[in-house]
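S.K.: Just model_37.txt, nothing more (compact mmCIF, C-alpha atoms):
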```txt
# COMPACT_ATOMS: atom_id res chain seq x y z
CA MET A 26 -32.68 -9.02 6.20
CA SER A 27 -28.93 -8.37 6.35
CA LYS A 28 -27.42 -6.18 3.68
CA THR A 29 -24.93 -7.94 1.40
CA ILE A 30 -22.73 -6.92 -1.51
CA THR A 31 -21.01 -9.16 -4.04
CA ILE A 32 -18.09 -7.62 -5.91
CA THR A 33 -15.17 -8.66 -8.07
CA LYS A 34 -12.59 -10.13 -5.71
CA PRO A 35 -10.22 -7.22 -5.07
CA ASP A 36 -6.47 -6.74 -5.28
CA ASP A 37 -4.26 -5.05 -2.71
CA TRP A 38 -1.84 -2.80 -4.57
CA HIS A 39 0.43 -2.13 -1.58
CA LEU A 40 1.17 -4.85 0.96
CA HIS A 41 3.97 -5.60 3.44
CA LEU A 42 4.24 -9.26 4.44
CA ARG A 43 7.63 -9.30 6.20
CA ASP A 44 9.30 -12.74 5.95
CA HIS A 45 9.67 -16.24 7.38
CA GLU A 46 7.59 -16.95 10.53
CA PHE A 47 6.27 -13.38 10.63
CA MET A 48 5.06 -13.63 7.03
CA THR A 49 3.49 -17.04 7.66
CA SER A 50 1.42 -15.48 10.48
CA VAL A 51 -0.19 -12.78 8.30
CA VAL A 52 -0.24 -13.79 4.63
CA ASN A 53 -3.48 -15.74 4.89
CA ASP A 54 -5.27 -12.69 6.30
CA SER A 55 -4.63 -10.96 2.98
CA ALA A 56 -5.45 -14.07 0.95
CA ARG A 57 -8.89 -14.16 2.64
CA TYR A 58 -9.94 -10.96 0.87
CA TYR A 59 -7.65 -10.43 -2.12
CA SER A 60 -6.81 -12.37 -5.27
CA ARG A 61 -3.53 -10.55 -5.81
CA ALA A 62 -1.29 -8.18 -3.91
CA LEU A 63 1.70 -6.06 -4.84
CA ILE A 64 4.34 -7.16 -2.34
CA MET A 65 6.68 -4.50 -0.99
CA PRO A 66 10.42 -5.33 -1.10
CA ASN A 67 11.74 -3.49 1.98
CA LEU A 68 12.67 -6.50 4.07
CA ALA A 69 15.57 -6.40 6.52
CA LYS A 70 17.58 -7.65 3.53
CA PRO A 71 15.98 -5.65 0.69
CA ILE A 72 14.69 -7.45 -2.40
CA THR A 73 17.03 -5.76 -4.86
CA THR A 74 17.44 -8.48 -7.50
CA VAL A 75 15.26 -10.77 -9.57
CA ASP A 76 16.67 -13.85 -7.87
CA LEU A 77 15.83 -12.49 -4.42
CA ALA A 78 12.30 -11.60 -5.59
CA LEU A 79 11.61 -15.04 -7.00
CA ALA A 80 12.88 -16.74 -3.85
CA TYR A 81 10.70 -14.47 -1.71
CA GLN A 82 7.68 -15.19 -3.91
CA GLN A 83 8.17 -18.91 -3.39
CA ARG A 84 8.32 -18.48 0.39
CA ILE A 85 5.02 -16.60 0.25
CA LEU A 86 3.37 -19.32 -1.84
CA ASN A 87 4.68 -21.99 0.52
CA ALA A 88 3.08 -20.18 3.47
CA LEU A 89 -0.43 -20.11 1.98
CA GLN A 90 -3.09 -22.39 3.37
CA LYS A 91 -4.11 -25.02 0.82
CA ASN A 92 -7.58 -23.54 0.33
CA LYS A 93 -6.26 -20.04 -0.42
CA LYS A 94 -5.84 -18.74 -3.98
CA PHE A 95 -3.53 -15.74 -3.85
CA GLN A 96 -1.02 -14.36 -6.34
CA PRO A 97 1.89 -12.33 -4.93
CA LEU A 98 2.91 -9.70 -7.47
CA MET A 99 6.55 -9.00 -6.76
CA THR A 100 8.53 -5.74 -6.76
CA LEU A 101 12.19 -4.79 -6.75
CA TYR A 102 13.74 -2.36 -4.30
CA LEU A 103 15.33 0.48 -6.27
CA THR A 104 18.83 1.55 -5.28
CA SER A 105 21.48 3.72 -6.90
CA ASP A 106 23.12 0.47 -8.02
CA THR A 107 20.08 -0.96 -9.83
CA THR A 108 20.91 -1.55 -13.49
CA PRO A 109 18.77 -1.37 -16.62
CA GLU A 110 19.74 -5.00 -17.27
CA GLU A 111 18.15 -6.08 -13.98
CA ILE A 112 14.96 -4.22 -14.90
CA ILE A 113 14.75 -6.01 -18.25
CA LYS A 114 15.40 -9.33 -16.51
CA ALA A 115 12.63 -8.51 -14.04
CA GLN A 116 10.09 -7.89 -16.78
CA LYS A 117 10.94 -11.14 -18.53
CA THR A 118 10.04 -13.16 -15.41
CA LYS A 119 6.40 -11.99 -15.68
CA CYS A 120 6.39 -12.23 -11.88
CA ILE A 121 7.71 -8.74 -11.09
CA PHE A 122 5.20 -5.96 -11.66
CA ALA A 123 6.79 -2.77 -10.33
CA ILE A 124 9.99 -1.17 -9.08
CA LYS A 125 9.73 0.52 -5.68
CA LEU A 126 11.39 3.84 -4.93
CA PHE A 127 12.05 4.54 -1.26
CA PRO A 128 13.88 7.79 -0.49
CA ALA A 129 16.68 6.70 1.84
CA GLY A 130 15.45 6.83 5.42
CA ALA A 131 11.80 7.55 4.59
CA THR A 132 10.25 4.51 6.29
CA THR A 133 10.91 1.02 7.68
CA ASN A 134 13.95 -0.71 6.15
CA SER A 135 14.59 2.12 3.69
CA SER A 136 18.20 2.94 4.55
CA ALA A 137 19.36 1.36 1.27
CA GLY A 138 16.96 3.52 -0.72
CA VAL A 139 17.64 6.25 -3.26
CA GLN A 140 19.72 9.22 -2.09
CA LYS A 141 20.04 11.06 -5.39
CA LEU A 142 17.16 10.84 -7.86
CA GLU A 143 19.38 11.55 -10.87
CA ASP A 144 21.23 8.28 -10.22
CA CYS A 145 18.08 6.45 -11.34
CA PHE A 146 17.38 8.25 -14.60
CA THR A 147 18.92 5.55 -16.80
CA VAL A 148 16.78 2.96 -15.03
CA PHE A 149 13.67 5.13 -15.43
CA GLU A 150 14.37 5.37 -19.18
CA THR A 151 14.45 1.59 -19.41
CA MET A 152 11.28 1.23 -17.34
CA GLU A 153 9.52 3.76 -19.54
CA LYS A 154 10.58 1.89 -22.67
CA ILE A 155 9.49 -1.58 -21.52
CA GLY A 156 6.39 -0.55 -19.55
CA MET A 157 7.54 -1.35 -16.00
CA PRO A 158 5.65 0.80 -13.43
CA LEU A 159 7.37 2.84 -10.70
CA SER A 160 5.85 2.62 -7.22
CA VAL A 161 6.84 5.60 -5.08
CA HIS A 162 6.96 6.29 -1.35
CA GLY A 163 6.38 10.02 -1.77
CA GLU A 164 8.07 11.76 1.14
CA VAL A 165 11.22 13.82 1.45
CA THR A 166 13.56 13.01 4.30
CA ASP A 167 15.14 16.43 4.86
CA LYS A 168 15.42 17.07 8.59
CA ASP A 169 14.36 20.69 8.16
CA VAL A 170 10.99 19.70 6.62
CA ASP A 171 8.11 19.27 9.07
CA ILE A 172 7.00 15.63 9.23
CA PHE A 173 3.44 16.65 8.30
CA ASP A 174 4.71 18.41 5.14
CA ARG A 175 7.04 15.73 3.78
CA GLU A 176 4.56 14.41 1.22
CA LYS A 177 3.61 17.89 0.04
CA VAL A 178 7.24 18.92 -0.46
CA PHE A 179 8.03 15.68 -2.33
CA LEU A 180 5.45 16.45 -5.02
CA ASN A 181 7.18 19.46 -6.56
CA LYS A 182 10.72 18.64 -5.52
CA PHE A 183 10.84 15.11 -6.96
CA LEU A 184 7.60 13.70 -8.38
CA LYS A 185 7.03 16.56 -10.81
CA LYS A 186 10.57 16.03 -12.11
CA ILE A 187 9.91 12.32 -12.71
CA ILE A 188 6.60 12.64 -14.55
CA THR A 189 7.81 15.60 -16.63
CA ARG A 190 11.04 13.95 -17.77
CA PHE A 191 9.61 10.43 -18.25
CA GLN A 192 6.19 11.06 -19.72
CA GLY A 193 5.55 7.45 -20.72
CA LEU A 194 6.46 5.99 -17.31
CA LYS A 195 3.58 4.72 -15.19
CA VAL A 196 3.98 6.10 -11.66
CA ILE A 197 1.97 5.18 -8.57
CA LEU A 198 2.14 7.59 -5.65
CA GLU A 199 1.56 5.23 -2.76
CA HIS A 200 -0.59 5.82 0.33
CA VAL A 201 -1.51 9.45 -0.43
CA THR A 202 -2.42 11.45 2.67
CA THR A 203 -2.85 15.12 1.73
CA GLU A 204 -5.09 17.45 -0.24
CA GLU A 205 -2.04 18.51 -2.21
CA ALA A 206 -1.22 14.94 -3.26
CA ILE A 207 -4.81 14.27 -4.30
CA ASP A 208 -4.89 17.41 -6.44
CA PHE A 209 -1.45 16.68 -7.89
CA VAL A 210 -2.58 13.24 -9.10
CA LYS A 211 -5.92 14.50 -10.42
CA GLU A 212 -4.21 17.27 -12.37
CA GLY A 213 -1.42 14.97 -13.55
CA PRO A 214 -1.17 12.82 -16.66
CA GLU A 215 -3.00 9.54 -17.26
CA THR A 216 0.25 7.76 -16.37
CA LEU A 217 0.01 8.91 -12.73
CA ALA A 218 -2.13 7.12 -10.14
CA ALA A 219 -2.33 6.71 -6.36
CA THR A 220 -3.32 4.22 -3.67
CA ILE A 221 -5.32 5.04 -0.55
CA THR A 222 -5.14 3.08 2.71
CA PRO A 223 -7.95 2.17 5.13
CA HIS A 224 -6.13 3.80 8.04
CA HIS A 225 -5.71 7.15 6.32
CA LEU A 226 -9.42 7.05 5.40
CA SER A 227 -10.62 6.17 8.90
CA LEU A 228 -8.18 8.12 11.08
CA ASN A 229 -6.52 11.51 11.42
CA ARG A 230 -3.79 12.89 13.65
CA ASN A 231 -6.21 13.56 16.50
CA ASP A 232 -6.70 9.79 16.74
CA LEU A 233 -2.94 9.41 17.04
CA LEU A 234 -2.26 12.17 19.57
CA VAL A 235 -5.33 13.29 21.56
CA GLY A 236 -5.60 11.73 25.01
CA GLY A 237 -2.13 10.20 24.80
CA ILE A 238 0.08 8.89 22.00
CA LYS A 239 -1.28 5.72 20.36
CA PRO A 240 1.84 3.84 19.18
CA HIS A 241 -0.17 1.37 17.10
CA LEU A 242 -1.45 4.27 14.96
CA TYR A 243 2.06 5.54 14.21
CA CYS A 244 2.88 5.09 10.53
CA PHE A 245 4.59 6.69 7.54
CA PRO A 246 3.27 8.78 5.99
CA ILE A 247 2.05 10.01 9.35
CA LEU A 248 -1.68 10.59 9.85
CA LYS A 249 -2.69 14.10 8.76
CA GLY A 250 -5.37 16.59 9.79
CA GLU A 251 -9.11 16.21 9.38
CA LYS A 252 -9.30 18.36 6.22
CA HIS A 253 -6.91 15.97 4.48
CA GLN A 254 -8.85 12.94 5.69
CA LYS A 255 -12.07 14.42 4.26
CA LYS A 256 -10.37 14.95 0.89
CA LEU A 257 -9.22 11.32 0.86
CA LEU A 258 -12.73 10.10 1.68
CA GLU A 259 -14.25 12.24 -1.06
CA THR A 260 -11.71 11.03 -3.61
CA ALA A 261 -11.73 7.31 -2.76
CA THR A 262 -15.53 7.18 -3.08
CA SER A 263 -15.76 9.42 -6.15
CA GLY A 264 -15.15 6.81 -8.83
CA HIS A 265 -11.99 8.50 -10.10
CA PRO A 266 -10.18 5.73 -12.04
CA ARG A 267 -6.64 6.65 -10.95
CA PHE A 268 -7.21 6.15 -7.24
CA PHE A 269 -7.46 2.60 -5.95
CA LEU A 270 -7.02 0.25 -3.02
CA GLY A 271 -3.64 -0.25 -1.39
CA THR A 272 -3.74 -1.18 2.28
CA ASP A 273 -0.09 -0.54 3.17
CA SER A 274 -0.74 -3.15 5.84
CA ALA A 275 2.61 -3.27 7.69
CA PRO A 276 2.88 -5.58 10.70
CA HIS A 277 5.28 -5.09 13.60
CA PRO A 278 5.50 -7.01 16.87
CA GLN A 279 3.67 -5.39 19.76
CA SER A 280 6.99 -5.05 21.57
CA SER A 281 8.53 -2.95 18.80
CA LYS A 282 5.50 -0.65 18.58
CA GLU A 283 5.25 -0.09 22.34
CA ALA A 284 8.85 1.04 22.65
CA ALA A 285 10.83 4.20 23.33
CA LYS A 286 11.50 4.43 19.58
CA GLY A 287 8.49 2.66 18.17
CA SER A 288 8.31 1.20 14.65
CA ALA A 289 6.15 2.88 12.00
CA GLY A 290 3.43 0.77 10.42
CA ILE A 291 -0.21 -0.24 10.90
CA TYR A 292 -1.45 -3.81 10.48
CA SER A 293 -4.82 -3.71 8.70
CA ALA A 294 -4.92 -6.93 6.67
CA PHE A 295 -7.08 -8.74 9.23
CA LEU A 296 -10.07 -6.49 8.47
CA SER A 297 -9.07 -4.15 5.65
CA LEU A 298 -11.81 -4.97 3.15
CA PRO A 299 -14.63 -4.88 5.75
CA LEU A 300 -13.27 -1.54 6.93
CA TYR A 301 -13.24 -0.14 3.39
CA ALA A 302 -16.84 -1.38 3.02
CA GLN A 303 -17.84 0.33 6.26
CA ILE A 304 -16.26 3.60 5.13
CA PHE A 305 -17.90 3.55 1.70
CA ASP A 306 -21.27 2.52 3.18
CA SER A 307 -21.16 5.29 5.79
CA LEU A 308 -20.89 7.82 2.97
CA GLY A 309 -23.66 6.22 0.92
CA LYS A 310 -21.14 5.12 -1.71
CA ILE A 311 -21.04 1.34 -1.28
CA ASP A 312 -21.76 1.09 -5.03
CA LYS A 313 -18.33 2.65 -5.68
CA LEU A 314 -16.39 0.00 -3.72
CA GLU A 315 -16.07 -2.58 -6.49
CA ASP A 316 -14.28 -0.26 -8.93
CA PHE A 317 -11.99 1.16 -6.24
CA ALA A 318 -11.10 -2.29 -4.89
CA GLY A 319 -11.21 -4.61 -7.88
CA VAL A 320 -11.14 -2.71 -11.18
CA PHE A 321 -9.18 0.56 -11.23
CA GLY A 322 -5.89 -0.88 -9.98
CA ALA A 323 -5.94 -3.80 -12.38
CA ASN A 324 -6.72 -1.43 -15.25
CA PHE A 325 -3.84 0.87 -14.38
CA TYR A 326 -1.34 -1.97 -14.12
CA GLY A 327 -2.62 -3.45 -17.37
CA LEU A 328 -3.89 -6.69 -15.83
CA PRO A 329 -7.27 -8.38 -16.26
CA LYS A 330 -9.70 -7.99 -13.41
CA ASN A 331 -10.23 -11.13 -11.37
CA ASN A 332 -12.84 -13.70 -12.39
CA GLU A 333 -13.80 -14.59 -8.82
CA THR A 334 -16.23 -12.64 -6.68
CA ILE A 335 -16.44 -12.06 -2.94
CA THR A 336 -19.49 -11.38 -0.79
CA LEU A 337 -19.55 -9.14 2.25
CA ILE A 338 -22.42 -8.99 4.71
CA LYS A 339 -23.38 -6.09 6.95
CA SER A 340 -22.91 -7.86 10.25
CA LYS A 341 -20.87 -6.82 13.26
CA LEU A 342 -17.35 -8.19 13.65
CA THR A 343 -15.22 -7.65 16.75
CA ILE A 344 -11.53 -7.24 16.02
CA PRO A 345 -9.24 -9.19 18.38
CA GLU A 346 -6.99 -7.28 20.75
CA THR A 347 -3.91 -9.13 19.48
CA ILE A 348 -2.94 -11.58 16.76
CA LYS A 349 -0.18 -14.19 16.87
CA PHE A 350 2.88 -12.96 14.98
CA GLY A 351 5.60 -15.58 14.82
CA ASP A 352 6.53 -16.19 18.45
CA GLN A 353 5.22 -12.74 19.38
CA LEU A 354 1.99 -10.74 19.17
CA LEU A 355 0.84 -7.83 17.04
CA VAL A 356 -1.98 -5.37 17.59
CA PRO A 357 -4.22 -4.93 14.51
CA LEU A 358 -5.92 -1.76 13.38
CA LYS A 359 -9.16 -1.20 15.34
CA ALA A 360 -8.13 -3.76 17.98
CA GLY A 361 -11.04 -4.50 20.30
CA GLU A 362 -13.46 -2.41 18.22
CA VAL A 363 -16.50 -3.49 16.23
CA VAL A 364 -16.60 -3.20 12.43
CA GLU A 365 -20.00 -3.22 10.72
CA TRP A 366 -19.09 -5.51 7.78
CA GLN A 367 -17.50 -8.92 7.42
CA LEU A 368 -16.85 -11.64 4.89
CA LYS A 369 -19.86 -13.87 4.23
CA THR A 370 -18.83 -17.47 4.84
```
What would the structure in this file look like if it were written as structure tokens?
M.R.:
Amino acid sequence: MSKTITITKPDDWHLHLRDHEFMTSVVNDSARYYSRALIMPNLAKPITTVDLALAYQQRILNALQKNKKFQPLMTLYLTSDTTPEEIIKAQKTKCIFAIKLFPAGATTNSSAGVQKLEDCFTVFETMEKIGMPLSVHGEVTDKDVDIFDREKVFLNKFLKKIITRFQGLKVILEHVTTEEAIDFVKEGPETLAATITPHHLSLNRNDLLVGGIKPHLYCFPILKGEKHQKKLLETATSGHPRFFLGTDSAPHPQSSKEAAKGSAGIYSAFLSLPLYAQIFDSLGKIDKLEDFAGVFGANFYGLPKNNETITLIKSKLTIPETIKFGDQLLVPLKAGEVVEWQLKT
């Protein structure tokens, strides 16, 4: 008899959908597995205002298939020009659930991000007062810092300053990748949490580099060494309530990945929940998946857990080599490989 698990339908607390025809091609992959997702605002034209966020949310809803129930939880892109008034306006919409901090130049479409942290202190004070969470891409962009150390350096240079000065502010360190980040969050206050991606759990830098560079595994934060991967696996499956699911699924056309200056980002939405299930099952921790995927994140954001459930079955699923992406193609995570779990239909 096949092994099955039924869990609270999860949420994805870190998702990139892009926009227009690209977004239409991928949004239903996420809606297949997740009730809600925190939508990242770093489009080509960043989502810096409430009006832009609400318009983007409507485009997402319009792109959903009629049988899909999916709530996009919107975010605002933090810049040095963001005002406290815009933050208050965002909270009043009850559609915007976090403000996203990108250090300028840290990742895709982040050139408009924050250059000087102190410029944002007035905004952080307002967020702390009204209970608006801060979602953080935790890497420095200094050219003299090794790319594999950018997360580690960010912790003491910037994140410690934020959580020390704004002790009531909820902060989410996104897509953690290092031992140091895991320990920093564990030792930090109850207002500090982190998301963990399926690609950082299932891959390390050997997968990226050994036997030739794999452009479709290039992402920010970049894949780290095996010791860091083991720490992530241990933590994700431990039942610690301040670590939860965030795929950081980030689609790019195949042509822009397989290029002289390839784009950073891994598309995992097609199979992310089955891959998480495979990872947890392989460690004998499948019983920990429900909390990691469907409870801890909702608790931290102060939202009710979902009423619906979802059933996964231990049955092989072959991932396609490519997926249609607008008028182009994209290569998903684990393209051509077999995953041991899939959605029961």
S.K.: Find the residue from A:Thr334, A:Thr216, A:Ser274, A:Asn53 that sits nearest to Lys369 in chain A; use only C-alpha atoms when measuring.
M.R.: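 Looking at the shortest contact to Lys369 in chain A, the residue is A:Thr334.
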S.K.: Restricting the calculation to all atoms listed in the file: of A:Pro266, A:Gly250, A:Pro128, A:Pro223, which residue gets closest to Phe325 in chain A?
M.R.: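 Checking each of A:Pro266, A:Gly250, A:Pro128, A:Pro223 against Phe325 in chain A, counting all atoms listed in the file, the winner is A:Pro266.
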S.K.: What's the 10 Å shell around Arg61 in chain A, counting only C-alpha atoms, without same-chain residues fewer than 4 positions away, as a list of chain:residue names?
M.R.: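 So, after excluding close chain neighbours, the residues are A:Lys34, A:Pro35, A:Asp36, A:Asp37, A:Trp38, A:Ser55, A:Ala56, A:Lys94, A:Phe95, A:Gln96, A:Pro97, A:Leu98, A:Gly319, A:Ala323, A:Asn331.
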S.K.: In Å, rounded to a single decimal, give me how far CA of Phe191 in chain A is from CA of Phe149 in chain A.
M.R.: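 Between these atoms lies a distance of 7.2 Å.
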S.K.: What's the separation between CA of Leu300 in chain A and CA of Arg230 in chain A, in Å to one decimal place?
M.R.: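 So the two atoms, CA of Leu300 in chain A and CA of Arg230 in chain A, lie 18.5 Å apart.
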S.K.: Can you pull out the residues contacting Ser135 in chain A? Cut-off 10 Å, using all atoms listed in the file, and skip same-chain residues under 2 positions away; I want them as a compact mmCIF listing (two decimals) with C-alpha atoms, in the coordinates of the input.
M.R.:
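Printed below is around33.txt as written:
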```
# COMPACT_ATOMS: atom_id res chain seq x y z
CA PRO A 66 10.42 -5.33 -1.10
CA ASN A 67 11.74 -3.49 1.98
CA LEU A 68 12.67 -6.50 4.07
CA ALA A 69 15.57 -6.40 6.52
CA PRO A 71 15.98 -5.65 0.69
CA TYR A 102 13.74 -2.36 -4.30
CA THR A 104 18.83 1.55 -5.28
CA LEU A 126 11.39 3.84 -4.93
CA PHE A 127 12.05 4.54 -1.26
CA PRO A 128 13.88 7.79 -0.49
CA ALA A 129 16.68 6.70 1.84
CA GLY A 130 15.45 6.83 5.42
CA ALA A 131 11.80 7.55 4.59
CA THR A 132 10.25 4.51 6.29
CA THR A 133 10.91 1.02 7.68
CA ALA A 137 19.36 1.36 1.27
CA GLY A 138 16.96 3.52 -0.72
CA VAL A 139 17.64 6.25 -3.26
```
S.K.: Within 6 Å of range 353-361 of chain A, counting all atoms listed in the file, which residues show up once you throw out same-chain ones fewer than 5 positions away? Write them as a list in words, please.
M.R.: Pro278, Gln279, Tyr292, Ser293, Ile344, Pro345, Glu346, Thr347 and Ile348 of chain A
S.K.: A:His45, A:His162, A:His241, A:Arg267: which is nearest Ser281 in chain A, counting only C-alpha atoms?
M.R.: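 The closest residue to Ser281 in chain A is A:His241.
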S.K.: Which of these residues is nearest to Glu365 in chain A, using all atoms listed in the file: A:Gln192, A:Ser307, A:Asn231, A:Thr272?
M.R.: A:Ser307
S.K.: Could you give me range 340-349 of chain A completed to all heavy atoms, formatted as a PDB file, keeping the file's coordinate frame?
M.R.:
```pdb
ATOM      1  N   SER A 340     -22.744  -7.125   8.992  1.00  0.00           N
ATOM      2  CA  SER A 340     -22.910  -7.860  10.250  1.00  0.00           C
ATOM      3  C   SER A 340     -21.709  -7.541  11.113  1.00  0.00           C
ATOM      4  O   SER A 340     -20.573  -7.519  10.633  1.00  0.00           O
ATOM      5  CB  SER A 340     -23.010  -9.361   9.968  1.00  0.00           C
ATOM      6  OG  SER A 340     -23.118 -10.102  11.163  1.00  0.00           O
ATOM      7  N   LYS A 341     -21.933  -7.310  12.381  1.00  0.00           N
ATOM      8  CA  LYS A 341     -20.870  -6.820  13.260  1.00  0.00           C
ATOM      9  C   LYS A 341     -19.769  -7.862  13.446  1.00  0.00           C
ATOM     10  O   LYS A 341     -20.030  -9.049  13.604  1.00  0.00           O
ATOM     11  CB  LYS A 341     -21.452  -6.417  14.616  1.00  0.00           C
ATOM     12  CG  LYS A 341     -22.412  -5.237  14.533  1.00  0.00           C
ATOM     13  CD  LYS A 341     -22.921  -4.849  15.900  1.00  0.00           C
ATOM     14  CE  LYS A 341     -23.987  -3.769  15.822  1.00  0.00           C
ATOM     15  NZ  LYS A 341     -23.525  -2.545  15.196  1.00  0.00           N
ATOM     16  N   LEU A 342     -18.531  -7.360  13.451  1.00  0.00           N
ATOM     17  CA  LEU A 342     -17.350  -8.190  13.650  1.00  0.00           C
ATOM     18  C   LEU A 342     -16.453  -7.498  14.662  1.00  0.00           C
ATOM     19  O   LEU A 342     -16.080  -6.339  14.483  1.00  0.00           O
ATOM     20  CB  LEU A 342     -16.596  -8.365  12.318  1.00  0.00           C
ATOM     21  CG  LEU A 342     -15.231  -9.049  12.381  1.00  0.00           C
ATOM     22  CD1 LEU A 342     -15.388 -10.514  12.751  1.00  0.00           C
ATOM     23  CD2 LEU A 342     -14.508  -8.930  11.035  1.00  0.00           C
ATOM     24  N   THR A 343     -16.120  -8.201  15.737  1.00  0.00           N
ATOM     25  CA  THR A 343     -15.220  -7.650  16.750  1.00  0.00           C
ATOM     26  C   THR A 343     -13.789  -8.024  16.420  1.00  0.00           C
ATOM     27  O   THR A 343     -13.472  -9.194  16.208  1.00  0.00           O
ATOM     28  CB  THR A 343     -15.586  -8.168  18.155  1.00  0.00           C
ATOM     29  OG1 THR A 343     -16.927  -7.788  18.458  1.00  0.00           O
ATOM     30  CG2 THR A 343     -14.651  -7.582  19.205  1.00  0.00           C
ATOM     31  N   ILE A 344     -12.933  -7.030  16.355  1.00  0.00           N
ATOM     32  CA  ILE A 344     -11.530  -7.240  16.020  1.00  0.00           C
ATOM     33  C   ILE A 344     -10.788  -7.695  17.283  1.00  0.00           C
ATOM     34  O   ILE A 344     -10.948  -7.104  18.349  1.00  0.00           O
ATOM     35  CB  ILE A 344     -10.905  -5.939  15.475  1.00  0.00           C
ATOM     36  CG1 ILE A 344     -11.736  -5.413  14.319  1.00  0.00           C
ATOM     37  CG2 ILE A 344      -9.462  -6.177  15.043  1.00  0.00           C
ATOM     38  CD1 ILE A 344     -11.978  -6.389  13.210  1.00  0.00           C
ATOM     39  N   PRO A 345      -9.979  -8.731  17.191  1.00  0.00           N
ATOM     40  CA  PRO A 345      -9.240  -9.190  18.380  1.00  0.00           C
ATOM     41  C   PRO A 345      -8.253  -8.143  18.877  1.00  0.00           C
ATOM     42  O   PRO A 345      -7.774  -7.306  18.107  1.00  0.00           O
ATOM     43  CB  PRO A 345      -8.532 -10.456  17.894  1.00  0.00           C
ATOM     44  CG  PRO A 345      -8.480 -10.331  16.409  1.00  0.00           C
ATOM     45  CD  PRO A 345      -9.686  -9.561  16.005  1.00  0.00           C
ATOM     46  N   GLU A 346      -7.955  -8.208  20.154  1.00  0.00           N
ATOM     47  CA  GLU A 346      -6.990  -7.280  20.750  1.00  0.00           C
ATOM     48  C   GLU A 346      -5.585  -7.518  20.224  1.00  0.00           C
ATOM     49  O   GLU A 346      -4.809  -6.571  20.028  1.00  0.00           O
ATOM     50  CB  GLU A 346      -6.999  -7.418  22.275  1.00  0.00           C
ATOM     51  CG  GLU A 346      -8.319  -7.042  22.930  1.00  0.00           C
ATOM     52  CD  GLU A 346      -8.530  -5.535  23.033  1.00  0.00           C
ATOM     53  OE1 GLU A 346      -7.597  -4.773  22.684  1.00  0.00           O
ATOM     54  OE2 GLU A 346      -9.634  -5.130  23.450  1.00  0.00           O
ATOM     55  N   THR A 347      -5.234  -8.778  20.012  1.00  0.00           N
ATOM     56  CA  THR A 347      -3.910  -9.130  19.480  1.00  0.00           C
ATOM     57  C   THR A 347      -4.044 -10.321  18.541  1.00  0.00           C
ATOM     58  O   THR A 347      -5.032 -11.061  18.579  1.00  0.00           O
ATOM     59  CB  THR A 347      -2.916  -9.502  20.606  1.00  0.00           C
ATOM     60  OG1 THR A 347      -3.444 -10.609  21.353  1.00  0.00           O
ATOM     61  CG2 THR A 347      -2.646  -8.324  21.522  1.00  0.00           C
ATOM     62  N   ILE A 348      -3.030 -10.470  17.703  1.00  0.00           N
ATOM     63  CA  ILE A 348      -2.940 -11.580  16.760  1.00  0.00           C
ATOM     64  C   ILE A 348      -1.558 -12.202  16.918  1.00  0.00           C
ATOM     65  O   ILE A 348      -0.561 -11.487  17.109  1.00  0.00           O
ATOM     66  CB  ILE A 348      -3.143 -11.074  15.313  1.00  0.00           C
ATOM     67  CG1 ILE A 348      -4.586 -10.566  15.117  1.00  0.00           C
ATOM     68  CG2 ILE A 348      -2.826 -12.157  14.283  1.00  0.00           C
ATOM     69  CD1 ILE A 348      -4.809  -9.870  13.794  1.00  0.00           C
ATOM     70  N   LYS A 349      -1.474 -13.509  16.790  1.00  0.00           N
ATOM     71  CA  LYS A 349      -0.180 -14.190  16.870  1.00  0.00           C
ATOM     72  C   LYS A 349       0.695 -13.748  15.698  1.00  0.00           C
ATOM     73  O   LYS A 349       0.245 -13.689  14.553  1.00  0.00           O
ATOM     74  CB  LYS A 349      -0.386 -15.705  16.836  1.00  0.00           C
ATOM     75  CG  LYS A 349       0.899 -16.515  16.993  1.00  0.00           C
ATOM     76  CD  LYS A 349       0.589 -18.000  17.100  1.00  0.00           C
ATOM     77  CE  LYS A 349       1.852 -18.838  17.010  1.00  0.00           C
ATOM     78  NZ  LYS A 349       2.880 -18.494  17.985  1.00  0.00           N
TER      79      LYS A 349
END
```
